[in-house]
Structures are given as structure tokens and as C-alpha cells.
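Remarks on the structure that follows.
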Amino acid sequence: MGNAFSTGWRIARSRRSEFLDLARLRRRTVVTGTVAVVSGTIMVIASLLWGALDGAWPLRLLAIVCFAAALGCFVGVFLRVHRRDLDLRGTGTGAGDWRRGERIDRQFAARPPAMLPEDRDEVLARAERSLGPSVALAARFVLLPITWALVWAGALLSGLGTLDSPLVLFWPPMLMLLQSATFIAAVTGIGRSDAARRRALALEPAPVVAAPPRRNVDPRGSKVGLPGD
């Protein structure tokens, strides 16, 4: 899985410009930055007036920065960044036979079986169809683990996450692991699709089976000779 994830992350970063909308990316940056600044300002005022956070001011300020950035990243998860003409539903196989469909599905698993020559073209087509939606999912949901990592850092810096408060101490990293599933699955899927594509390209195409010759049929009917003909 590690090799598939690293390969998928490299491909997602190198080909993101093909599937992501630059205008939507800029809008997400503006929205998340605005949310972080506004929420951070509110937390600073609350800390000054009501002592919302304890500890030395440098640590409190760092904690506020972490919490504000986490809120901005969380809002960014709900903003779409893929191109408008990208079909997010085009990840399935085009094989009509369900047995062949399952056989092709296994080519994108962690331990794929040997590929049959007749599946080569469909594996290549599916690898191409699944790349765009997977890159779009990775670009959105990469912010979820970042969100909970920032929450955890803020809890530690503010003194909220201590052994006296184990829920606050262990809750953010648990959520970081659980809610990273979509991001990890998308990136790992990109890596496995690339591996399947490479195996398909190394395979010789299936030989073209010529259609059987058509038999000439007399339009007047049967050629069987009858008595007296």
C-alpha cells in the first residue's frame, strides 16, 4: 500500500492542473483564509475579554492560529475544486459481462491476478476514466487530516489536551486517522490504477478474431434438388 500511495500522490500532484479548476482553487484559498482570519480574531478577543484559553500568551496565540486554520481547512473541504466538465461518476467499468467486470476490478486491487489479453483495452480505459475523479477527491479531502492535526496541535499548545482530559488529548488524532480514509483511498487508487495501466501496456493486445465468412444464400430459396427438376 505504501508504494501505491506514494506513486498516487506523485501522480495527483503532477496532473492536478488537468482536472482542477484554477478559479475554484483560488476561491477556496480566499474562503478558507477569510474564515481563518475572522475566527482567529474572534478567538483573540474572547481570550482577552473572558480568558477563554489559559497559559502564556505566545502559546495561546499559537493555539489560536492552529484552531483558526483548522476551521478554515474544514470549511474548504466542502468547496469543489474540480473542473466543471469533469464527470465524477465515470469510474466504473464499461464491461457488460459481470464476470468480466469482476475480473477487471481485481486488476485494481492490492494483489491483482494475471491479466488476460482480452481485458487489456478495458483496463486502460478504466485507468484513464478513474484518474480525474480520484485527483479531485484527493484535492478536496486532503484538508480533513490537516484539520484534525491542527486541532490536536492547538489542544496541546493551549493546555486543553492533557492526561487529565484524555478525551481532548486522543480525540483529534483518532478523528484524523478515521477521516483520512477517503483521501488515502483516492490516492492509493491512483497508484493502483497506474500500476494496472503499466501492466496493460506491457501486455500484447488480444489477437483480432476474423469474422466467419458469410454463406451465400440463394434468395429463391433452397438449393436442394427435387425429383423432376
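Numbering starts fresh at 1 for the residues of each chain in the C-alpha cells, the chains themselves are lettered A, B, ... in the order given, and ligands are numbered from 1 as they appear.
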Could you give me, as a tab-separated table, every segment 60-97 of chain A residue with an atom at most 8 Å from segment 7-23 of chain A, plus its closest atom pair and distance in Å to one decimal, counting only C-alpha atoms, rows ordered by chain then number?
```
residue	atom	partner	partner_atom	distance
A:Val81	CA	A:Leu20	CA	5.7
A:His82	CA	A:Leu20	CA	4.1
A:Arg83	CA	A:Asp21	CA	4.7
A:Arg84	CA	A:Asp21	CA	7.7
A:Leu86	CA	A:Phe19	CA	7.0
```
Residue nearest Leu131 of chain A - candidates A:Ile190, A:Gly101, A:Phe183, A:Trp171, atoms counted: only C-alpha atoms: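 Closest candidate: A:Ile190.
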Helix (DSSP H, G or I) positions in segment 99-212 of chain A, given as a PDB file with C-alpha atoms, in the first residue's frame:
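Dumped to result.pdb:
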```pdb
ATOM      1  CA  ARG A  99     -17.870 -11.848 -14.726  1.00  0.00           C
ATOM      2  CA  ARG A 100     -15.544  -9.814 -16.896  1.00  0.00           C
ATOM      3  CA  GLY A 101     -16.343  -6.750 -14.801  1.00  0.00           C
ATOM      4  CA  GLU A 102     -15.260  -8.534 -11.617  1.00  0.00           C
ATOM      5  CA  ARG A 103     -12.148  -9.787 -13.385  1.00  0.00           C
ATOM      6  CA  ILE A 104     -11.229  -6.250 -14.367  1.00  0.00           C
ATOM      7  CA  ASP A 105     -11.994  -4.951 -10.863  1.00  0.00           C
ATOM      8  CA  ARG A 106      -9.393  -7.332  -9.474  1.00  0.00           C
ATOM      9  CA  PRO A 117      -5.135 -10.109 -23.211  1.00  0.00           C
ATOM     10  CA  GLU A 118      -8.827  -9.525 -23.901  1.00  0.00           C
ATOM     11  CA  ASP A 119      -9.054  -7.310 -20.787  1.00  0.00           C
ATOM     12  CA  ARG A 120      -6.169  -5.068 -21.819  1.00  0.00           C
ATOM     13  CA  ASP A 121      -8.142  -2.319 -23.558  1.00  0.00           C
ATOM     14  CA  GLU A 122     -10.804  -2.116 -20.864  1.00  0.00           C
ATOM     15  CA  VAL A 123      -8.183  -1.859 -18.097  1.00  0.00           C
ATOM     16  CA  LEU A 124      -6.511   1.015 -19.966  1.00  0.00           C
ATOM     17  CA  ALA A 125      -9.853   2.751 -20.452  1.00  0.00           C
ATOM     18  CA  ARG A 126     -10.867   2.379 -16.817  1.00  0.00           C
ATOM     19  CA  ALA A 127      -7.485   3.623 -15.575  1.00  0.00           C
ATOM     20  CA  GLU A 128      -7.935   6.754 -17.674  1.00  0.00           C
ATOM     21  CA  ARG A 129     -11.558   7.283 -16.556  1.00  0.00           C
ATOM     22  CA  SER A 130     -10.789   6.939 -12.857  1.00  0.00           C
ATOM     23  CA  LEU A 131      -7.813   9.310 -12.760  1.00  0.00           C
ATOM     24  CA  GLY A 132      -9.699  12.609 -12.880  1.00  0.00           C
ATOM     25  CA  PRO A 133     -12.299  11.814 -10.186  1.00  0.00           C
ATOM     26  CA  SER A 134      -9.605  10.404  -7.896  1.00  0.00           C
ATOM     27  CA  VAL A 135      -7.437  13.524  -8.260  1.00  0.00           C
ATOM     28  CA  ALA A 136     -10.488  15.696  -7.481  1.00  0.00           C
ATOM     29  CA  LEU A 137     -11.322  13.676  -4.345  1.00  0.00           C
ATOM     30  CA  ALA A 138      -7.730  13.802  -3.133  1.00  0.00           C
ATOM     31  CA  ALA A 139      -7.571  17.578  -3.631  1.00  0.00           C
ATOM     32  CA  ARG A 140     -10.696  18.092  -1.512  1.00  0.00           C
ATOM     33  CA  PHE A 141     -10.254  15.596   1.287  1.00  0.00           C
ATOM     34  CA  LEU A 143      -7.797  19.076   4.109  1.00  0.00           C
ATOM     35  CA  LEU A 144      -9.531  16.733   6.578  1.00  0.00           C
ATOM     36  CA  PRO A 145      -6.405  15.171   8.139  1.00  0.00           C
ATOM     37  CA  ILE A 146      -4.790  18.634   8.118  1.00  0.00           C
ATOM     38  CA  THR A 147      -7.821  19.970  10.008  1.00  0.00           C
ATOM     39  CA  TRP A 148      -7.576  17.458  12.824  1.00  0.00           C
ATOM     40  CA  ALA A 149      -3.794  17.729  13.007  1.00  0.00           C
ATOM     41  CA  LEU A 150      -4.195  21.468  13.575  1.00  0.00           C
ATOM     42  CA  VAL A 151      -6.909  20.888  16.189  1.00  0.00           C
ATOM     43  CA  TRP A 152      -4.621  18.468  18.006  1.00  0.00           C
ATOM     44  CA  ALA A 153      -1.726  20.938  17.908  1.00  0.00           C
ATOM     45  CA  GLY A 154      -3.977  23.691  19.218  1.00  0.00           C
ATOM     46  CA  ALA A 155      -5.226  21.483  22.044  1.00  0.00           C
ATOM     47  CA  LEU A 156      -1.692  20.636  23.099  1.00  0.00           C
ATOM     48  CA  LEU A 157      -0.467  24.249  22.906  1.00  0.00           C
ATOM     49  CA  SER A 158      -3.442  25.608  24.818  1.00  0.00           C
ATOM     50  CA  PRO A 166      -7.824  12.236  27.767  1.00  0.00           C
ATOM     51  CA  LEU A 167     -10.819  12.824  25.500  1.00  0.00           C
ATOM     52  CA  VAL A 168      -9.385  16.118  24.240  1.00  0.00           C
ATOM     53  CA  LEU A 169      -5.913  14.581  24.039  1.00  0.00           C
ATOM     54  CA  PHE A 170      -6.784  11.488  21.989  1.00  0.00           C
ATOM     55  CA  TRP A 171      -9.975  12.507  20.174  1.00  0.00           C
ATOM     56  CA  PRO A 172      -8.362  14.689  17.430  1.00  0.00           C
ATOM     57  CA  PRO A 173      -5.725  12.123  16.336  1.00  0.00           C
ATOM     58  CA  MET A 174      -8.358   9.381  16.240  1.00  0.00           C
ATOM     59  CA  LEU A 175     -10.568  11.512  14.000  1.00  0.00           C
ATOM     60  CA  MET A 176      -7.531  12.403  11.899  1.00  0.00           C
ATOM     61  CA  LEU A 177      -6.943   8.719  11.205  1.00  0.00           C
ATOM     62  CA  LEU A 178     -10.605   7.838  10.647  1.00  0.00           C
ATOM     63  CA  ALA A 181      -9.865   7.205   4.764  1.00  0.00           C
ATOM     64  CA  THR A 182     -11.329   8.967   1.707  1.00  0.00           C
ATOM     65  CA  PHE A 183      -8.111  10.799   0.955  1.00  0.00           C
ATOM     66  CA  ILE A 184      -5.947   7.700   1.422  1.00  0.00           C
ATOM     67  CA  ALA A 185      -8.300   5.564  -0.701  1.00  0.00           C
ATOM     68  CA  ALA A 186      -8.309   8.128  -3.519  1.00  0.00           C
ATOM     69  CA  VAL A 187      -4.525   8.492  -3.622  1.00  0.00           C
ATOM     70  CA  THR A 188      -3.917   4.753  -3.266  1.00  0.00           C
ATOM     71  CA  GLY A 189      -6.447   4.136  -6.056  1.00  0.00           C
ATOM     72  CA  ILE A 190      -4.454   6.434  -8.341  1.00  0.00           C
ATOM     73  CA  GLY A 191      -1.311   4.435  -7.641  1.00  0.00           C
ATOM     74  CA  ARG A 192      -3.020   1.092  -8.258  1.00  0.00           C
ATOM     75  CA  SER A 193      -4.608   2.394 -11.469  1.00  0.00           C
ATOM     76  CA  ASP A 194      -1.191   3.446 -12.697  1.00  0.00           C
ATOM     77  CA  ALA A 195       0.200   0.006 -11.888  1.00  0.00           C
ATOM     78  CA  ALA A 196      -2.690  -1.636 -13.763  1.00  0.00           C
ATOM     79  CA  ARG A 197      -2.105   0.699 -16.709  1.00  0.00           C
ATOM     80  CA  ARG A 198       1.585  -0.241 -16.837  1.00  0.00           C
ATOM     81  CA  ARG A 199       0.778  -3.943 -16.752  1.00  0.00           C
ATOM     82  CA  ALA A 200      -1.752  -3.482 -19.544  1.00  0.00           C
ATOM     83  CA  LEU A 201       0.720  -1.566 -21.709  1.00  0.00           C
TER      84      LEU A 201
END
```
Close residues, segment 33-49 of chain A itself excluded, 10 Å, only C-alpha atoms, min 2 positions apart in chain, as an mmCIF file with C-alpha atoms, in the first residue's frame:
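So out-v2.cif came out as:
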```cif
data_model
loop_
_atom_site.group_PDB
_atom_site.id
_atom_site.type_symbol
_atom_site.label_atom_id
_atom_site.label_comp_id
_atom_site.auth_asym_id
_atom_site.auth_seq_id
_atom_site.Cartn_x
_atom_site.Cartn_y
_atom_site.Cartn_z
ATOM 1 C CA ARG A 27 -11.790 30.833 -4.408
ATOM 2 C CA ARG A 28 -11.154 28.056 -1.880
ATOM 3 C CA THR A 29 -7.938 29.762 -0.781
ATOM 4 C CA VAL A 30 -9.758 33.072 -0.298
ATOM 5 C CA VAL A 31 -12.664 31.483 1.590
ATOM 6 C CA GLY A 51 -9.801 34.309 29.313
ATOM 7 C CA ALA A 52 -11.059 31.565 27.021
ATOM 8 C CA LEU A 53 -7.595 29.982 26.897
ATOM 9 C CA ASP A 54 -5.045 29.562 29.654
ATOM 10 C CA TRP A 57 0.414 34.427 25.575
ATOM 11 C CA ARG A 60 -2.152 30.907 23.457
ATOM 12 C CA LEU A 61 -1.503 32.816 20.244
ATOM 13 C CA ALA A 63 -3.065 27.701 19.719
ATOM 14 C CA ILE A 64 -5.462 30.300 18.302
ATOM 15 C CA VAL A 65 -3.619 30.217 14.974
ATOM 16 C CA CYS A 66 -3.954 26.418 14.882
ATOM 17 C CA PHE A 67 -7.655 26.448 15.783
ATOM 18 C CA ALA A 68 -8.422 29.205 13.261
ATOM 19 C CA ALA A 69 -6.508 27.454 10.485
ATOM 20 C CA ALA A 70 -8.291 24.187 11.325
ATOM 21 C CA LEU A 71 -11.684 25.854 10.962
ATOM 22 C CA GLY A 72 -10.640 27.346 7.627
ATOM 23 C CA CYS A 73 -9.453 23.967 6.337
ATOM 24 C CA PHE A 74 -12.664 22.301 7.489
ATOM 25 C CA VAL A 75 -14.755 24.793 5.512
ATOM 26 C CA GLY A 76 -12.510 24.203 2.484
#
```
Distance of atom CA of Trp50 of chain A from atom CA of Gly159 of chain A, expressed in Å to one decimal place: 16.6 Å
A:Leu203, A:Val77, A:Leu88, A:Leu25 ranked by distance to Val142 of chain A, top pick (using only C-alpha atoms):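 Smallest separation from Val142 of chain A among the options: A:Val77.
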Point-to-point distance in Å for atom CA of Trp98 of chain A and atom CA of Pro113 of chain A: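 Straight-line distance from atom CA of Pro113 of chain A to atom CA of Trp98 of chain A works out to 17.1 Å.
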